[in-house]
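> What follows is the file input-v3.tsv, containing TSV, C-alpha atoms:
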```
chain	number	residue	atom	x	y	z
A	177	MET	CA	-146.15	-38.19	24.93
A	178	ASN	CA	-148.93	-40.67	24.15
A	179	LYS	CA	-146.53	-43.53	24.73
A	180	SER	CA	-145.60	-42.19	28.20
A	181	LEU	CA	-149.28	-41.69	29.05
A	182	ASN	CA	-150.10	-45.25	28.04
A	183	ILE	CA	-147.26	-46.63	30.17
A	184	PHE	CA	-148.50	-44.54	33.13
A	185	ARG	CA	-152.05	-45.86	32.68
A	186	LEU	CA	-150.77	-49.43	32.44
A	187	LEU	CA	-148.74	-49.09	35.64
A	188	THR	CA	-151.73	-47.54	37.42
A	189	LEU	CA	-153.91	-50.45	36.32
A	190	ILE	CA	-151.34	-53.01	37.45
A	191	SER	CA	-151.05	-51.28	40.86
A	192	ALA	CA	-154.83	-51.30	41.28
A	193	VAL	CA	-155.04	-55.00	40.38
A	194	LEU	CA	-152.24	-55.88	42.81
A	195	ALA	CA	-153.85	-53.83	45.58
A	196	PHE	CA	-157.20	-55.53	45.01
A	197	ALA	CA	-155.52	-58.93	44.99
A	198	GLY	CA	-153.80	-58.07	48.28
A	199	ILE	CA	-157.11	-57.11	49.89
A	200	THR	CA	-158.78	-60.27	48.61
A	201	ASN	CA	-155.89	-62.41	49.79
A	202	ALA	CA	-156.02	-60.83	53.27
A	203	GLN	CA	-159.75	-61.51	53.49
A	204	ASP	CA	-159.13	-65.15	52.57
A	205	GLN	CA	-156.56	-65.64	55.33
A	206	PRO	CA	-157.71	-67.97	58.16
A	207	PHE	CA	-158.72	-66.28	61.41
A	208	ARG	CA	-156.39	-66.81	64.38
A	209	PHE	CA	-156.92	-66.11	68.06
A	210	ALA	CA	-154.13	-63.98	69.49
A	211	GLY	CA	-151.86	-66.21	71.56
A	212	ALA	CA	-153.36	-69.46	70.23
A	213	THR	CA	-152.10	-71.79	67.54
A	214	CYS	CA	-154.05	-74.09	65.26
A	215	SER	CA	-153.05	-77.37	63.69
A	216	ASP	CA	-155.03	-79.88	61.66
A	217	ALA	CA	-153.69	-82.46	64.10
A	218	ALA	CA	-155.25	-81.21	67.36
A	219	TYR	CA	-152.78	-80.28	70.09
A	220	LEU	CA	-152.10	-83.24	72.44
A	221	HIS	CA	-154.76	-85.43	70.86
A	222	CYS	CA	-154.93	-88.85	72.51
A	223	PRO	CA	-154.54	-92.00	70.41
A	224	ASP	CA	-157.55	-94.30	70.12
A	225	ARG	CA	-156.30	-96.37	73.07
A	226	GLU	CA	-154.06	-95.95	76.10
A	227	CYS	CA	-153.64	-92.20	76.32
A	228	SER	CA	-150.57	-91.49	78.45
A	229	SER	CA	-150.87	-89.89	81.88
A	230	ALA	CA	-148.57	-87.06	80.81
A	231	THR	CA	-150.99	-86.22	78.00
A	232	VAL	CA	-154.14	-86.56	80.09
A	233	VAL	CA	-152.98	-84.19	82.84
A	234	ASN	CA	-151.84	-81.42	80.51
A	235	GLN	CA	-153.57	-78.11	81.21
A	236	GLY	CA	-153.34	-76.48	77.79
A	237	ASN	CA	-151.11	-74.11	75.85
A	238	VAL	CA	-153.22	-70.93	75.78
A	239	VAL	CA	-152.56	-68.44	78.58
A	240	GLU	CA	-155.41	-66.46	80.13
A	241	MET	CA	-153.47	-63.24	80.47
A	242	LYS	CA	-155.10	-61.78	83.60
A	243	THR	CA	-154.85	-64.82	85.88
A	244	ARG	CA	-151.88	-66.37	83.97
A	245	ARG	CA	-153.65	-69.73	84.03
A	246	THR	CA	-153.72	-71.91	80.93
A	247	TYR	CA	-156.50	-73.66	79.01
A	248	PHE	CA	-157.18	-75.41	75.70
A	249	LEU	CA	-158.76	-73.63	72.75
A	250	ASP	CA	-159.89	-75.76	69.80
A	251	PHE	CA	-161.24	-74.15	66.62
A	252	PRO	CA	-161.25	-74.77	62.85
A	253	CYS	CA	-157.90	-74.01	61.24
A	254	ASP	CA	-159.73	-72.62	58.20
A	255	LEU	CA	-161.98	-70.34	60.28
A	256	LYS	CA	-162.61	-67.07	58.44
A	257	LYS	CA	-162.93	-63.65	59.98
A	258	GLY	CA	-166.63	-62.94	60.43
A	259	GLU	CA	-167.67	-66.59	60.15
A	260	LYS	CA	-170.56	-67.65	62.40
A	261	VAL	CA	-169.64	-70.27	65.02
A	262	THR	CA	-170.97	-72.00	68.12
A	263	PHE	CA	-168.88	-71.39	71.26
A	264	ILE	CA	-168.71	-74.04	74.01
A	265	LEU	CA	-167.09	-73.73	77.45
A	266	SER	CA	-166.39	-77.33	78.56
A	267	LEU	CA	-165.68	-77.99	82.25
A	268	HIS	CA	-164.01	-81.10	83.66
A	269	GLY	CA	-165.15	-82.93	86.80
A	270	ALA	CA	-163.56	-82.75	90.24
A	271	GLY	CA	-160.04	-84.16	90.36
A	272	SER	CA	-159.70	-84.03	86.61
A	273	TYR	CA	-157.85	-82.06	83.94
A	274	GLY	CA	-158.67	-80.13	80.80
A	275	ASN	CA	-157.19	-82.68	78.42
A	276	TRP	CA	-159.10	-85.53	80.10
A	277	GLN	CA	-162.29	-83.53	79.54
A	278	ARG	CA	-161.36	-82.82	75.90
A	279	HIS	CA	-161.33	-86.56	75.30
A	280	TYR	CA	-164.18	-87.55	77.62
A	281	PHE	CA	-166.47	-85.36	75.47
A	282	PRO	CA	-164.36	-85.14	72.30
A	283	LEU	CA	-165.65	-81.97	70.69
A	284	LEU	CA	-162.14	-81.44	69.31
A	285	ASP	CA	-162.91	-84.08	66.63
A	286	TYR	CA	-165.86	-82.05	65.32
A	287	VAL	CA	-164.73	-78.41	65.38
A	288	ASN	CA	-164.21	-78.37	61.60
A	289	LYS	CA	-167.39	-80.18	60.58
A	290	TYR	CA	-169.72	-78.19	62.84
A	291	ARG	CA	-167.76	-74.90	63.08
A	292	LEU	CA	-167.20	-74.97	66.82
A	293	VAL	CA	-164.92	-72.96	69.08
A	294	VAL	CA	-164.28	-74.91	72.30
A	295	ALA	CA	-162.52	-73.60	75.41
A	296	THR	CA	-161.54	-76.25	77.97
A	297	PRO	CA	-160.16	-74.74	81.21
A	298	ASN	CA	-158.57	-76.31	84.30
A	299	SER	CA	-159.16	-76.00	88.02
A	300	PRO	CA	-155.89	-75.96	90.00
A	301	THR	CA	-157.54	-77.39	93.10
A	302	PRO	CA	-159.32	-80.51	92.14
A	303	VAL	CA	-162.76	-78.94	92.58
A	304	TRP	CA	-164.29	-75.92	90.85
A	305	SER	CA	-165.37	-73.09	93.15
A	306	ASP	CA	-166.27	-69.43	92.89
A	307	ALA	CA	-162.55	-68.71	93.20
A	308	ASP	CA	-162.32	-69.85	89.57
A	309	ASP	CA	-165.11	-67.61	88.28
A	310	GLU	CA	-162.89	-64.69	87.26
A	311	TYR	CA	-160.72	-67.04	85.18
A	312	LEU	CA	-163.79	-68.50	83.46
A	313	ARG	CA	-165.27	-65.06	82.79
A	314	ASN	CA	-161.95	-63.86	81.35
A	315	ILE	CA	-161.83	-66.81	78.94
A	316	VAL	CA	-165.36	-66.11	77.74
A	317	ASN	CA	-164.65	-62.39	77.32
A	318	TYR	CA	-161.47	-63.09	75.37
A	319	VAL	CA	-163.08	-65.58	72.97
A	320	VAL	CA	-166.15	-63.42	72.35
A	321	GLU	CA	-164.10	-60.25	71.86
A	322	GLN	CA	-161.79	-62.00	69.39
A	323	LEU	CA	-164.66	-63.50	67.40
A	324	GLY	CA	-167.04	-60.57	67.71
A	325	LYS	CA	-170.27	-61.30	69.58
A	326	GLU	CA	-172.22	-60.87	66.34
A	327	ASN	CA	-170.42	-63.99	65.05
A	328	VAL	CA	-171.33	-66.27	67.99
A	329	LYS	CA	-174.51	-68.05	66.91
A	330	ALA	CA	-174.87	-69.73	70.29
A	331	PHE	CA	-172.94	-70.06	73.55
A	332	TRP	CA	-173.20	-73.34	75.49
A	333	LEU	CA	-171.86	-74.62	78.78
A	334	ALA	CA	-170.90	-78.30	78.95
A	335	GLY	CA	-169.78	-79.90	82.19
A	336	HIS	CA	-168.97	-83.40	83.41
A	337	SER	CA	-169.88	-84.38	86.98
A	338	GLN	CA	-168.82	-81.51	89.29
A	339	GLY	CA	-168.15	-79.50	86.15
A	340	GLY	CA	-171.86	-79.93	85.45
A	341	MET	CA	-172.70	-78.73	88.94
A	342	THR	CA	-170.45	-75.74	88.32
A	343	SER	CA	-172.26	-75.03	85.05
A	344	ASN	CA	-175.53	-75.15	86.99
A	345	ARG	CA	-174.13	-72.62	89.47
A	346	ILE	CA	-172.54	-70.14	87.10
A	347	VAL	CA	-175.43	-70.12	84.60
A	348	ARG	CA	-177.41	-68.34	87.34
A	349	THR	CA	-174.81	-65.60	87.86
A	350	ASP	CA	-175.12	-62.09	86.43
A	351	PHE	CA	-172.24	-62.62	83.99
A	352	PHE	CA	-173.56	-65.82	82.40
A	353	LYS	CA	-177.36	-65.61	82.72
A	354	ASP	CA	-177.78	-63.25	79.74
A	355	LYS	CA	-175.13	-64.99	77.60
A	356	VAL	CA	-175.72	-68.75	77.82
A	357	ASP	CA	-178.06	-70.30	75.25
A	358	GLY	CA	-177.79	-73.86	76.55
A	359	TRP	CA	-176.30	-76.22	79.11
A	360	LEU	CA	-175.22	-79.79	78.37
A	361	SER	CA	-174.96	-81.78	81.60
A	362	LEU	CA	-172.59	-84.73	81.22
A	363	SER	CA	-173.63	-86.73	84.29
A	364	GLY	CA	-173.63	-83.41	86.15
A	365	GLY	CA	-177.21	-83.19	87.42
A	366	ARG	CA	-180.61	-82.95	85.73
A	367	LEU	CA	-182.84	-79.90	85.80
A	368	GLY	CA	-186.44	-80.79	86.50
A	369	GLY	CA	-185.91	-84.03	88.45
A	370	ASN	CA	-182.80	-86.13	89.12
A	371	PRO	CA	-182.58	-89.93	88.88
A	372	GLY	CA	-181.36	-91.95	91.85
A	373	ARG	CA	-177.79	-93.21	92.14
A	374	SER	CA	-176.67	-96.76	91.44
A	375	ALA	CA	-175.26	-98.75	94.36
A	376	THR	CA	-172.00	-99.08	92.42
A	377	PHE	CA	-171.68	-95.40	91.56
A	378	ALA	CA	-169.12	-94.47	94.23
A	379	PRO	CA	-165.51	-95.30	93.30
A	380	THR	CA	-163.35	-97.41	95.56
A	381	ALA	CA	-159.72	-97.12	96.58
A	382	ALA	CA	-157.16	-99.66	97.66
A	383	PRO	CA	-157.15	-100.16	101.47
A	384	GLY	CA	-154.99	-97.52	103.12
A	385	ALA	CA	-154.19	-95.82	99.82
A	386	ALA	CA	-154.39	-92.07	99.38
A	387	ALA	CA	-156.77	-90.71	96.79
A	388	PRO	CA	-154.95	-90.59	93.45
A	389	ALA	CA	-153.93	-87.11	92.38
A	390	ALA	CA	-155.14	-87.64	88.82
A	391	ALA	CA	-158.57	-89.10	89.57
A	392	PRO	CA	-160.66	-87.91	86.64
A	393	SER	CA	-163.82	-86.99	88.50
A	394	THR	CA	-165.16	-87.51	91.96
A	395	GLY	CA	-168.68	-86.41	91.11
A	396	GLY	CA	-170.66	-86.73	94.30
A	397	ALA	CA	-168.73	-89.70	95.62
A	398	ALA	CA	-166.02	-87.87	97.51
A	399	ALA	CA	-167.65	-84.48	97.82
A	400	PRO	CA	-165.85	-82.02	100.10
A	401	SER	CA	-167.67	-80.53	103.08
A	402	GLY	CA	-170.19	-77.90	102.08
A	403	MET	CA	-170.89	-79.44	98.67
A	404	ALA	CA	-174.10	-81.10	99.87
A	405	ALA	CA	-175.54	-77.70	100.76
A	406	ALA	CA	-174.44	-76.31	97.40
A	407	MET	CA	-176.10	-79.23	95.62
A	408	ALA	CA	-179.34	-78.62	97.51
A	409	ALA	CA	-179.40	-74.98	96.39
A	410	LEU	CA	-178.93	-76.04	92.77
A	411	ARG	CA	-182.06	-78.21	92.82
A	412	GLU	CA	-184.13	-75.05	92.46
A	413	LEU	CA	-184.70	-74.27	88.80
A	414	PRO	CA	-182.79	-71.25	87.43
A	415	ALA	CA	-184.87	-68.18	86.57
A	416	ASN	CA	-183.17	-67.55	83.21
A	417	ASP	CA	-184.06	-69.29	79.95
A	418	PHE	CA	-181.84	-71.73	78.05
A	419	SER	CA	-181.91	-75.16	76.40
A	420	PHE	CA	-180.94	-78.17	78.49
A	421	ILE	CA	-179.62	-81.61	77.53
A	422	TYR	CA	-178.92	-84.25	80.17
A	423	THR	CA	-176.70	-87.29	79.64
A	424	THR	CA	-175.96	-90.19	81.97
A	425	GLY	CA	-174.60	-93.71	81.92
A	426	GLN	CA	-177.31	-96.32	82.49
A	427	ARG	CA	-175.20	-98.00	85.19
A	428	GLU	CA	-174.69	-94.83	87.26
A	429	VAL	CA	-178.42	-94.42	87.98
A	430	ASP	CA	-180.77	-96.75	89.86
A	431	ASP	CA	-183.21	-99.22	88.34
A	432	LYS	CA	-185.92	-96.56	88.01
A	433	GLY	CA	-183.81	-94.81	85.38
A	434	VAL	CA	-184.21	-91.19	84.28
A	435	PRO	CA	-187.62	-89.73	85.22
A	436	GLU	CA	-190.01	-89.48	82.28
A	437	SER	CA	-191.27	-86.06	83.35
A	438	SER	CA	-189.25	-82.86	83.45
A	439	GLU	CA	-190.12	-79.59	85.15
A	440	TRP	CA	-187.71	-77.88	82.76
A	441	ALA	CA	-189.65	-79.25	79.76
A	442	LYS	CA	-192.90	-78.05	81.34
A	443	ARG	CA	-191.52	-74.53	81.55
A	444	TYR	CA	-191.33	-74.43	77.75
A	445	SER	CA	-194.61	-76.28	77.16
A	446	CYS	CA	-192.76	-79.13	75.45
A	447	GLY	CA	-194.69	-82.21	74.38
A	448	PRO	CA	-194.38	-85.57	76.20
A	449	ARG	CA	-190.95	-87.14	75.92
A	450	ARG	CA	-190.70	-89.13	72.72
A	451	ALA	CA	-189.70	-92.78	72.51
A	452	PRO	CA	-185.91	-93.04	72.47
A	453	VAL	CA	-183.95	-93.09	69.24
A	454	GLU	CA	-181.05	-95.53	69.46
A	455	ILE	CA	-177.52	-94.52	68.50
A	456	VAL	CA	-175.07	-97.39	67.87
A	457	ASP	CA	-171.33	-96.83	68.21
A	458	THR	CA	-168.89	-99.42	66.94
A	459	LYS	CA	-165.91	-97.46	68.27
A	460	ALA	CA	-165.06	-96.91	71.94
A	461	GLY	CA	-164.42	-93.56	73.59
A	462	TYR	CA	-160.88	-92.37	74.32
A	463	ILE	CA	-160.78	-92.14	78.07
A	464	TYR	CA	-161.66	-93.75	81.42
A	465	ASP	CA	-160.63	-93.63	85.08
A	466	SER	CA	-157.15	-95.13	84.77
A	467	SER	CA	-156.34	-94.26	88.38
A	468	ARG	CA	-158.53	-97.12	89.70
A	469	LEU	CA	-157.78	-100.01	87.37
A	470	ASN	CA	-157.92	-102.53	90.23
A	471	GLN	CA	-161.15	-101.13	91.68
A	472	LEU	CA	-163.35	-100.47	88.65
A	473	ARG	CA	-167.08	-100.58	89.38
A	474	PRO	CA	-169.93	-100.60	86.82
A	475	GLY	CA	-171.61	-97.46	88.15
A	476	TRP	CA	-168.39	-95.52	88.34
A	477	GLY	CA	-167.17	-96.77	84.98
A	478	LEU	CA	-165.30	-99.62	83.32
A	479	LEU	CA	-162.91	-99.67	80.37
A	480	PRO	CA	-163.94	-97.89	77.15
A	481	ALA	CA	-165.97	-100.02	74.73
A	482	PRO	CA	-168.36	-99.61	71.80
A	483	GLY	CA	-171.94	-99.11	72.88
A	484	LYS	CA	-175.44	-97.77	72.38
A	485	ALA	CA	-177.22	-94.65	73.55
A	486	GLN	CA	-180.90	-93.76	73.72
A	487	VAL	CA	-181.79	-90.18	72.81
A	488	SER	CA	-185.19	-88.98	74.08
A	489	VAL	CA	-186.37	-85.49	73.11
A	490	TYR	CA	-189.22	-83.41	74.54
A	491	PRO	CA	-190.69	-82.04	71.27
A	492	ASP	CA	-192.17	-78.71	70.25
A	493	CYS	CA	-190.69	-76.61	73.04
A	494	LYS	CA	-191.56	-72.93	72.78
A	495	ASP	CA	-189.05	-70.25	71.81
A	496	GLY	CA	-186.90	-72.80	69.94
A	497	ARG	CA	-185.59	-74.42	73.13
A	498	VAL	CA	-184.28	-77.99	73.16
A	499	VAL	CA	-184.84	-80.29	76.15
A	500	ALA	CA	-183.59	-83.88	75.95
A	501	ASP	CA	-182.37	-86.87	77.97
A	502	VAL	CA	-179.61	-89.15	76.66
A	503	VAL	CA	-178.85	-92.49	78.36
A	504	ARG	CA	-175.70	-94.40	77.44
A	505	ILE	CA	-176.56	-98.07	77.76
A	506	ASP	CA	-174.30	-100.23	79.98
A	507	LYS	CA	-172.04	-97.28	80.76
A	508	GLY	CA	-170.94	-95.71	84.02
A	509	HIS	CA	-169.77	-92.27	85.10
A	510	THR	CA	-166.26	-92.13	83.61
A	511	GLU	CA	-166.15	-93.97	80.26
A	512	GLY	CA	-165.49	-91.39	77.56
A	513	LEU	CA	-168.27	-90.69	75.09
A	514	GLU	CA	-168.21	-92.60	71.84
A	515	PRO	CA	-168.06	-90.71	68.50
A	516	LYS	CA	-171.64	-91.09	67.27
A	517	VAL	CA	-173.29	-90.13	70.56
A	518	THR	CA	-170.90	-87.16	70.76
A	519	GLU	CA	-171.97	-86.07	67.29
A	520	GLU	CA	-175.66	-86.52	68.13
A	521	LEU	CA	-175.26	-84.27	71.17
A	522	ILE	CA	-173.60	-81.63	69.00
A	523	LYS	CA	-176.51	-81.79	66.54
A	524	LEU	CA	-179.00	-81.33	69.38
A	525	MET	CA	-177.06	-78.31	70.63
A	526	LEU	CA	-176.92	-76.74	67.17
A	527	SER	CA	-180.66	-77.27	66.65
A	528	ALA	CA	-181.54	-75.09	69.65
A	529	LYS	CA	-182.24	-71.38	69.69
A	530	GLY	CA	-179.15	-69.19	70.09
A	531	GLY	CA	-178.31	-65.54	69.82
A	532	LYS	CA	-178.25	-64.30	73.41
A	533	LEU	CA	-174.93	-62.57	72.87
A	534	GLN	CA	-176.52	-60.47	70.14
A	535	GLN	CA	-179.21	-59.18	72.49
A	536	PRO	CA	-178.79	-55.97	74.51
A	537	ALA	CA	-177.58	-56.68	78.04
A	538	GLN	CA	-180.45	-56.74	80.48
A	539	THR	CA	-180.45	-54.71	83.67
A	540	ALA	CA	-182.06	-55.64	86.96
A	541	GLU	CA	-184.95	-53.34	86.03
A	542	THR	CA	-185.64	-54.93	82.65
A	543	ARG	CA	-185.67	-58.42	84.18
A	544	ARG	CA	-188.55	-57.51	86.48
```
With the file now loaded, output its structure as structure tokens.

Amino acid sequence: MNKSLNIFRLLTLISAVLAFAGITNAQDQPFRFAGATCSDAAYLHCPDRECSSATVVNQGNVVEMKTRRTYFLDFPCDLKKGEKVTFILSLHGAGSYGNWQRHYFPLLDYVNKYRLVVATPNSPTPVWSDADDEYLRNIVNYVVEQLGKENVKAFWLAGHSQGGMTSNRIVRTDFFKDKVDGWLSLSGGRLGGNPGRSATFAPTAAPGAAAPAAAPSTGGAAAPSGMAAAMAALRELPANDFSFIYTTGQREVDDKGVPESSEWAKRYSCGPRRAPVEIVDTKAGYIYDSSRLNQLRPGWGLLPAPGKAQVSVYPDCKDGRVVADVVRIDKGHTEGLEPKVTEELIKLMLSAKGGKLQQPAQTAETRR
């Protein structure tokens, strides 16, 4: 009898240990987004030089289930359930593609180190418009629901050229205004005072040639009708609060450079802009405007090359906001960002106040 009881107790103990081990093992399993795959070698990552056109124009392998449009989703393969992350929605410029944007601002190289989740969508027309807003909202809802809003430390918009203009537009909308903690403008307009354009900013085309279908970004150079009015409306400062970082190539602005003052910095009682800190990159970016190899212009952008960037921060902004200007020396509009300046921009983003998604949603009454 005692022998049978001891065997029963031993089996019970073994079962309990195995059950506990199973729970622990499940908790240690990496987190995965439903419908998305993860690989240590990022999906369709360009080589250091000469990324193929077929790779550049790819629109991603994750399906947004309501609109059935695809996008890219980059995240750490060892991400744990409940881990705190920074979420970034990164928008390409007019005429461009998601995979071009992924390599123009190569956040995909830093998702592991800085615990980032990056969604890079695609516009099917070459220009973003409010017709795309549902698709963008659905992507944000999906990512936040999968992660849990309590696990999103900060939510940033990043946009190149017309993608920056689109960020400026949507950050004012009811859906985004109470969610976005910061906007990174990649040559997509500056809140608080814009610099002038270089004489060589506008791209050129061969005489009689049609505009190339895969032009990475038209910015303001080939703006469709009605865009000028939209740009004018976006010069007014948004009413909602968020951090703001502006980047530009030195050659895409005029000789006056980026204004020293900033109305956005004044809003947060920031100190005077500090002297620039220089970032030196010995490695070139991945990408450029390969559709205009015979008509490259300094303001629009030349071939990728190592370079320097000057990072100027407005210090001591209230409420933990970050306001900064970053000028890439001897660069134009379309040369992809080099690794060290990319990493410095990520650090600036992560240093800013976050947490809007954890706050109760505001109503029209509470905003008054």
> Would you please work out which residue, of A:Leu333, A:Ala451, A:Leu478, A:Ala460, is nearest to Arg427 of chain A when using all atoms listed in the file?
A:Leu478
> Can you work out which one of A:Asp501, A:Asn275, A:Arg244, A:Pro379 has the shortest atom-to-atom distance to Asn470 of chain A, counting all atoms listed in the file?
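When distances to Asn470 of chain A are compared using all atoms listed in the file, the smallest one comes from A:Pro379.
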> Can you pull out the residues contacting Val429 of chain A? Cut-off 10 Å, using only C-alpha atoms, and skip same-chain residues under 6 positions away; I want them as a ChimeraX atom specification.
/A:363,370-377,475,503,508-509
> What is the distance, in Å and to one decimal place, between atom CA of Pro435 of chain A and atom CA of Ser527 of chain A?
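Computing the Euclidean distance for atom CA of Pro435 of chain A and atom CA of Ser527 of chain A yields 23.4 Å.
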> One decimal, in Å: what's the spacing between atom CA of Asp457 of chain A and atom CA of Pro297 of chain A?
28.0 Å
> Do you have the atom CA of Cys214 of chain A-atom CA of Tyr462 of chain A distance handy?
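Going from atom CA of Cys214 of chain A over to atom CA of Tyr462 of chain A covers 21.5 Å.
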> Taking all atoms listed in the file into account, which of A:Leu255, A:Leu360, A:Leu526, A:Ala378 comes nearest Val502 of chain A?
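Between A:Leu255, A:Leu360, A:Leu526, A:Ala378, the residue approaching Val502 of chain A most closely is A:Leu360.
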> Tell me, as a PyMOL selection string, which residues lie within 8 Å of Leu513 of chain A, counting all atoms listed in the file; anything in the same chain fewer than 5 positions away does not count.
chain A and resi 280-282+460-462+518
> Using all atoms listed in the file, can you list as a CSV table (one decimal) with C-alpha atoms, in the frame of the given file the residues within 7 Å of (-176.0, -99.7, 71.5)?

```
chain,number,residue,atom,x,y,z
A,454,GLU,CA,-181.0,-95.5,69.5
A,455,ILE,CA,-177.5,-94.5,68.5
A,456,VAL,CA,-175.1,-97.4,67.9
A,457,ASP,CA,-171.3,-96.8,68.2
A,483,GLY,CA,-171.9,-99.1,72.9
A,484,LYS,CA,-175.4,-97.8,72.4
A,485,ALA,CA,-177.2,-94.6,73.6
A,505,ILE,CA,-176.6,-98.1,77.8
```
> Grab all the atoms of segment 462-473 of chain A that the file lists, wrap them in a box along x, y and z, add 3 Å per side, and give me centre plus edge lengths in Å (one decimal) as AutoDock Vina command-line options.

```
--center_x -161.7 --center_y -97.3 --center_z 83.0 --size_x 16.7 --size_y 16.4 --size_z 23.4
```
> For segment 531-535 of chain A, work out the shell of residues within 7 Å, counting only C-alpha atoms and skipping chain neighbours fewer than 4 positions away, then give it as a list in words.
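With the cut-off at 7 Å, the set is Lys325, Glu326, Lys329, Ala330, Asp354, Lys355, Val356 and Asp357 of chain A.
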> Taking the point (-164.3, -89.0, 85.8) as given in the file, collect each protein or nucleic acid residue that comes within 10 Å of it, counting only C-alpha atoms, and present the set as a PyMOL selection string.
chain A and resi 268-273+276-277+280+336-338+363+379+390-395+463-467+476-477+508-512
> Kindly output segment 321-333 of chain A as a PDB file, keeping the file's coordinate frame, after building N, CA, C and O atoms.

```pdb
ATOM      1  N   GLU A 321    -164.688 -61.476  72.418  1.00  0.00           N
ATOM      2  CA  GLU A 321    -164.100 -60.250  71.860  1.00  0.00           C
ATOM      3  C   GLU A 321    -163.309 -60.533  70.585  1.00  0.00           C
ATOM      4  O   GLU A 321    -163.354 -59.764  69.627  1.00  0.00           O
ATOM      5  N   GLN A 322    -162.580 -61.647  70.579  1.00  0.00           N
ATOM      6  CA  GLN A 322    -161.790 -62.000  69.390  1.00  0.00           C
ATOM      7  C   GLN A 322    -162.698 -62.340  68.206  1.00  0.00           C
ATOM      8  O   GLN A 322    -162.449 -61.914  67.082  1.00  0.00           O
ATOM      9  N   LEU A 323    -163.750 -63.102  68.473  1.00  0.00           N
ATOM     10  CA  LEU A 323    -164.660 -63.500  67.400  1.00  0.00           C
ATOM     11  C   LEU A 323    -165.565 -62.364  66.963  1.00  0.00           C
ATOM     12  O   LEU A 323    -165.912 -62.252  65.781  1.00  0.00           O
ATOM     13  N   GLY A 324    -165.969 -61.528  67.925  1.00  0.00           N
ATOM     14  CA  GLY A 324    -167.040 -60.570  67.710  1.00  0.00           C
ATOM     15  C   GLY A 324    -168.356 -61.226  68.116  1.00  0.00           C
ATOM     16  O   GLY A 324    -168.698 -62.292  67.583  1.00  0.00           O
ATOM     17  N   LYS A 325    -169.065 -60.644  69.071  1.00  0.00           N
ATOM     18  CA  LYS A 325    -170.270 -61.300  69.580  1.00  0.00           C
ATOM     19  C   LYS A 325    -171.313 -61.531  68.501  1.00  0.00           C
ATOM     20  O   LYS A 325    -172.122 -62.457  68.585  1.00  0.00           O
ATOM     21  N   GLU A 326    -171.270 -60.696  67.438  1.00  0.00           N
ATOM     22  CA  GLU A 326    -172.220 -60.870  66.340  1.00  0.00           C
ATOM     23  C   GLU A 326    -171.955 -62.163  65.567  1.00  0.00           C
ATOM     24  O   GLU A 326    -172.811 -62.633  64.808  1.00  0.00           O
ATOM     25  N   ASN A 327    -170.778 -62.764  65.763  1.00  0.00           N
ATOM     26  CA  ASN A 327    -170.420 -63.990  65.050  1.00  0.00           C
ATOM     27  C   ASN A 327    -170.593 -65.246  65.889  1.00  0.00           C
ATOM     28  O   ASN A 327    -170.278 -66.345  65.417  1.00  0.00           O
ATOM     29  N   VAL A 328    -171.075 -65.113  67.131  1.00  0.00           N
ATOM     30  CA  VAL A 328    -171.330 -66.270  67.990  1.00  0.00           C
ATOM     31  C   VAL A 328    -172.807 -66.613  67.884  1.00  0.00           C
ATOM     32  O   VAL A 328    -173.658 -65.966  68.495  1.00  0.00           O
ATOM     33  N   LYS A 329    -173.113 -67.641  67.111  1.00  0.00           N
ATOM     34  CA  LYS A 329    -174.510 -68.050  66.910  1.00  0.00           C
ATOM     35  C   LYS A 329    -175.146 -68.505  68.211  1.00  0.00           C
ATOM     36  O   LYS A 329    -176.322 -68.237  68.468  1.00  0.00           O
ATOM     37  N   ALA A 330    -174.363 -69.219  69.016  1.00  0.00           N
ATOM     38  CA  ALA A 330    -174.870 -69.730  70.290  1.00  0.00           C
ATOM     39  C   ALA A 330    -173.696 -69.969  71.220  1.00  0.00           C
ATOM     40  O   ALA A 330    -172.581 -70.265  70.774  1.00  0.00           O
ATOM     41  N   PHE A 331    -173.946 -69.827  72.511  1.00  0.00           N
ATOM     42  CA  PHE A 331    -172.940 -70.060  73.550  1.00  0.00           C
ATOM     43  C   PHE A 331    -173.495 -71.108  74.513  1.00  0.00           C
ATOM     44  O   PHE A 331    -174.552 -70.915  75.109  1.00  0.00           O
ATOM     45  N   TRP A 332    -172.774 -72.230  74.636  1.00  0.00           N
ATOM     46  CA  TRP A 332    -173.200 -73.340  75.490  1.00  0.00           C
ATOM     47  C   TRP A 332    -172.168 -73.596  76.594  1.00  0.00           C
ATOM     48  O   TRP A 332    -170.961 -73.437  76.392  1.00  0.00           O
ATOM     49  N   LEU A 333    -172.681 -74.031  77.742  1.00  0.00           N
ATOM     50  CA  LEU A 333    -171.860 -74.620  78.780  1.00  0.00           C
ATOM     51  C   LEU A 333    -171.992 -76.133  78.686  1.00  0.00           C
ATOM     52  O   LEU A 333    -173.084 -76.655  78.448  1.00  0.00           O
TER      53      LEU A 333
END
```
